[in-house]
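Engineer: Quick one: this structure, given as structure tokens, is what I'll be asking you about.
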Amino acid sequence: MRNPLILTPLLAVLALAITAVAALELPAHYQAESDVALLPSVSSSKPYGSNPYMSFNSSLPMAAQIISYQLMDPANVQELKAEGYDQPFTVSLAATVTNGPILTTMVSGSDKAAVQRTLDGVTNEISAA
């Protein structure tokens, strides 16, 4: 029978070595997310004391859906890549909000700076729409 006092430290050293190799060899993965809420225009919120949060209407969720379709169009994705926003991204209606005008952008990749740059660029495109 083997002596557990010898086997246990050897297995612990092996586990640490495998962990160290995995940490060095596996690429880092970064993910960034932003939410953009579409608000009604100033003129349409005047009846509500110019408070845009009190004047939501049914057209805003539809507008959010159209913007997400537009940004995920392959031609637009290629155009954004040409502008330097080259990390994979998705733009969709926020999953946590039912029938609300909130768009969620998710970007992932192995380069932290490129992920953040792509998130900023795509979020700015939503704001410009």
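Ordering of the structure tokens sets the chain letters (A, B, ...), residue numbers begin anew at 1 in every chain, and ligands are numbered from 1 in the order given.
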Write out as a CSV table (one decimal) with N, CA and C atoms, in the first residue's frame which residues come within 7 Å of segment 62-78 of chain A when counting only C-alpha atoms, dropping same-chain ones fewer than 4 positions away.
Structural biologist:
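What landed in result.csv:
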```
chain,number,residue,atom,x,y,z
A,82,ALA,N,-14.8,48.0,-40.5
A,82,ALA,CA,-13.9,48.9,-41.3
A,82,ALA,C,-13.5,50.1,-40.5
A,90,THR,N,-23.2,41.9,-30.3
A,90,THR,CA,-24.6,41.8,-30.6
A,90,THR,C,-25.4,43.0,-30.0
A,91,VAL,N,-26.4,43.4,-30.7
A,91,VAL,CA,-27.3,44.4,-30.2
A,91,VAL,C,-28.7,43.8,-30.2
A,92,SER,N,-29.4,43.9,-29.1
A,92,SER,CA,-30.7,43.3,-29.0
A,92,SER,C,-31.5,44.0,-27.9
A,93,LEU,N,-32.8,43.7,-27.9
A,93,LEU,CA,-33.7,44.3,-26.9
A,93,LEU,C,-33.2,43.7,-25.6
A,101,PRO,N,-38.1,50.1,-24.3
A,101,PRO,CA,-37.2,50.6,-25.4
A,101,PRO,C,-35.8,50.6,-24.9
A,102,ILE,N,-35.3,49.5,-24.5
A,102,ILE,CA,-33.9,49.4,-24.0
A,102,ILE,C,-33.1,48.4,-24.8
A,103,LEU,N,-32.0,48.9,-25.4
A,103,LEU,CA,-31.1,48.1,-26.2
A,103,LEU,C,-29.9,47.7,-25.4
```
Engineer: I'd like the neighbourhood of Asp86 of chain A as a list in words, where a residue qualifies if any of its atoms comes within 10 Å (using only C-alpha atoms), though same-chain residues fewer than 4 positions away should be ignored.
Structural biologist: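 So the residues in contact are Val77, Gln78, Glu79, Leu80, Lys81, Ala82, Val107, Gly109, Ala114, Val115, Arg117 and Thr118 of chain A.
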Engineer: For all heavy atoms, I'd like the residues from the last selection saved as an mmCIF file, in the first residue's frame.
Structural biologist:
```cif
data_model
loop_
_atom_site.group_PDB
_atom_site.id
_atom_site.type_symbol
_atom_site.label_atom_id
_atom_site.label_comp_id
_atom_site.auth_asym_id
_atom_site.auth_seq_id
_atom_site.Cartn_x
_atom_site.Cartn_y
_atom_site.Cartn_z
ATOM 1 N N VAL A 77 -22.430 45.727 -39.924
ATOM 2 C CA VAL A 77 -21.377 45.093 -39.130
ATOM 3 C C VAL A 77 -20.033 45.240 -39.844
ATOM 4 O O VAL A 77 -19.018 45.572 -39.223
ATOM 5 C CB VAL A 77 -21.718 43.609 -38.854
ATOM 6 C CG1 VAL A 77 -20.534 42.887 -38.237
ATOM 7 C CG2 VAL A 77 -22.941 43.504 -37.951
ATOM 8 N N GLN A 78 -20.019 45.017 -41.154
ATOM 9 C CA GLN A 78 -18.779 45.168 -41.930
ATOM 10 C C GLN A 78 -18.293 46.618 -41.922
ATOM 11 O O GLN A 78 -17.090 46.877 -41.851
ATOM 12 C CB GLN A 78 -18.981 44.680 -43.374
ATOM 13 C CG GLN A 78 -19.134 43.192 -43.498
ATOM 14 C CD GLN A 78 -17.931 42.441 -42.929
ATOM 15 O OE1 GLN A 78 -16.783 42.840 -43.063
ATOM 16 N NE2 GLN A 78 -18.218 41.341 -42.243
ATOM 17 N N GLU A 79 -19.229 47.553 -42.006
ATOM 18 C CA GLU A 79 -18.856 48.966 -41.971
ATOM 19 C C GLU A 79 -18.228 49.337 -40.621
ATOM 20 O O GLU A 79 -17.225 50.050 -40.564
ATOM 21 C CB GLU A 79 -20.096 49.826 -42.217
ATOM 22 C CG GLU A 79 -19.829 51.313 -42.280
ATOM 23 C CD GLU A 79 -21.094 52.102 -42.550
ATOM 24 O OE1 GLU A 79 -21.896 51.680 -43.403
ATOM 25 O OE2 GLU A 79 -21.268 53.135 -41.876
ATOM 26 N N LEU A 80 -18.807 48.821 -39.543
ATOM 27 C CA LEU A 80 -18.236 49.084 -38.222
ATOM 28 C C LEU A 80 -16.862 48.442 -38.076
ATOM 29 O O LEU A 80 -15.956 49.031 -37.485
ATOM 30 C CB LEU A 80 -19.186 48.587 -37.129
ATOM 31 C CG LEU A 80 -20.452 49.426 -36.941
ATOM 32 C CD1 LEU A 80 -21.442 48.708 -36.044
ATOM 33 C CD2 LEU A 80 -20.112 50.789 -36.380
ATOM 34 N N LYS A 81 -16.683 47.243 -38.649
ATOM 35 C CA LYS A 81 -15.359 46.606 -38.621
ATOM 36 C C LYS A 81 -14.342 47.453 -39.363
ATOM 37 O O LYS A 81 -13.203 47.602 -38.931
ATOM 38 C CB LYS A 81 -15.429 45.206 -39.239
ATOM 39 C CG LYS A 81 -15.953 44.161 -38.298
ATOM 40 C CD LYS A 81 -15.860 42.780 -38.914
ATOM 41 C CE LYS A 81 -16.395 41.739 -37.957
ATOM 42 N NZ LYS A 81 -16.304 40.383 -38.482
ATOM 43 N N ALA A 82 -14.755 48.024 -40.491
ATOM 44 C CA ALA A 82 -13.855 48.870 -41.274
ATOM 45 C C ALA A 82 -13.464 50.131 -40.503
ATOM 46 O O ALA A 82 -12.385 50.684 -40.711
ATOM 47 C CB ALA A 82 -14.507 49.243 -42.600
ATOM 48 N N VAL A 107 -20.248 42.780 -26.220
ATOM 49 C CA VAL A 107 -19.042 42.607 -27.021
ATOM 50 C C VAL A 107 -18.145 41.626 -26.286
ATOM 51 O O VAL A 107 -18.020 41.687 -25.058
ATOM 52 C CB VAL A 107 -18.294 43.947 -27.211
ATOM 53 C CG1 VAL A 107 -17.079 43.766 -28.103
ATOM 54 C CG2 VAL A 107 -19.219 45.003 -27.777
ATOM 55 N N GLY A 109 -14.234 39.285 -26.656
ATOM 56 C CA GLY A 109 -13.007 39.069 -27.409
ATOM 57 C C GLY A 109 -11.832 38.844 -26.474
ATOM 58 O O GLY A 109 -11.976 38.856 -25.250
ATOM 59 N N ALA A 114 -9.590 46.404 -27.363
ATOM 60 C CA ALA A 114 -10.422 46.305 -28.567
ATOM 61 C C ALA A 114 -11.885 46.048 -28.199
ATOM 62 O O ALA A 114 -12.799 46.566 -28.859
ATOM 63 C CB ALA A 114 -9.900 45.201 -29.476
ATOM 64 N N VAL A 115 -12.118 45.268 -27.149
ATOM 65 C CA VAL A 115 -13.492 45.016 -26.698
ATOM 66 C C VAL A 115 -14.122 46.326 -26.235
ATOM 67 O O VAL A 115 -15.253 46.658 -26.616
ATOM 68 C CB VAL A 115 -13.517 43.945 -25.579
ATOM 69 C CG1 VAL A 115 -14.870 43.901 -24.886
ATOM 70 C CG2 VAL A 115 -13.179 42.575 -26.146
ATOM 71 N N ARG A 117 -13.198 49.413 -27.037
ATOM 72 C CA ARG A 117 -13.326 50.321 -28.185
ATOM 73 C C ARG A 117 -14.557 49.950 -29.022
ATOM 74 O O ARG A 117 -15.316 50.822 -29.437
ATOM 75 C CB ARG A 117 -12.053 50.263 -29.033
ATOM 76 C CG ARG A 117 -12.040 51.231 -30.205
ATOM 77 C CD ARG A 117 -10.730 51.228 -30.975
ATOM 78 N NE ARG A 117 -10.375 49.896 -31.487
ATOM 79 C CZ ARG A 117 -9.379 49.137 -31.039
ATOM 80 N NH1 ARG A 117 -8.615 49.562 -30.055
ATOM 81 N NH2 ARG A 117 -9.131 47.956 -31.567
ATOM 82 N N THR A 118 -14.771 48.660 -29.246
ATOM 83 C CA THR A 118 -15.933 48.224 -30.020
ATOM 84 C C THR A 118 -17.224 48.546 -29.285
ATOM 85 O O THR A 118 -18.194 49.023 -29.892
ATOM 86 C CB THR A 118 -15.843 46.714 -30.325
ATOM 87 O OG1 THR A 118 -14.655 46.469 -31.078
ATOM 88 C CG2 THR A 118 -17.041 46.234 -31.116
#
```
Engineer: One decimal, in Å: what's the spacing between atom CA of Ser108 of chain A and atom CA of Ala15 of chain A?
Structural biologist: 29.4 Å
Engineer: If you count only C-alpha atoms, which residues fall within 9 Å of segment 31-47 of chain A, apart from same-chain ones fewer than 5 positions away, as a PyMOL selection string?
Structural biologist: chain A and resi 52-57+60-61+63-64+94+100-110+112+115-116+119-120+123+126-127
Engineer: May I have all residues of chain A that DSSP, computed from the backbone, assigns to helix (DSSP H, G or I), given as a VMD selection string?
Structural biologist: chain A and resid 4 to 25 43 to 48 52 to 54 59 to 72 74 to 82 112 to 128
Engineer: Mind checking DSSP for segment 50-126 of chain A and telling me the strand (DSSP E or B) residues as a list in words?
Structural biologist: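 Across segment 50-126 of chain A, those assigned strand (DSSP E or B) are Phe89, Thr90, Val91, Ser92, Leu93, Ile102, Leu103, Thr104, Thr105, Met106, Val107, Ser108 and Gly109 of chain A.
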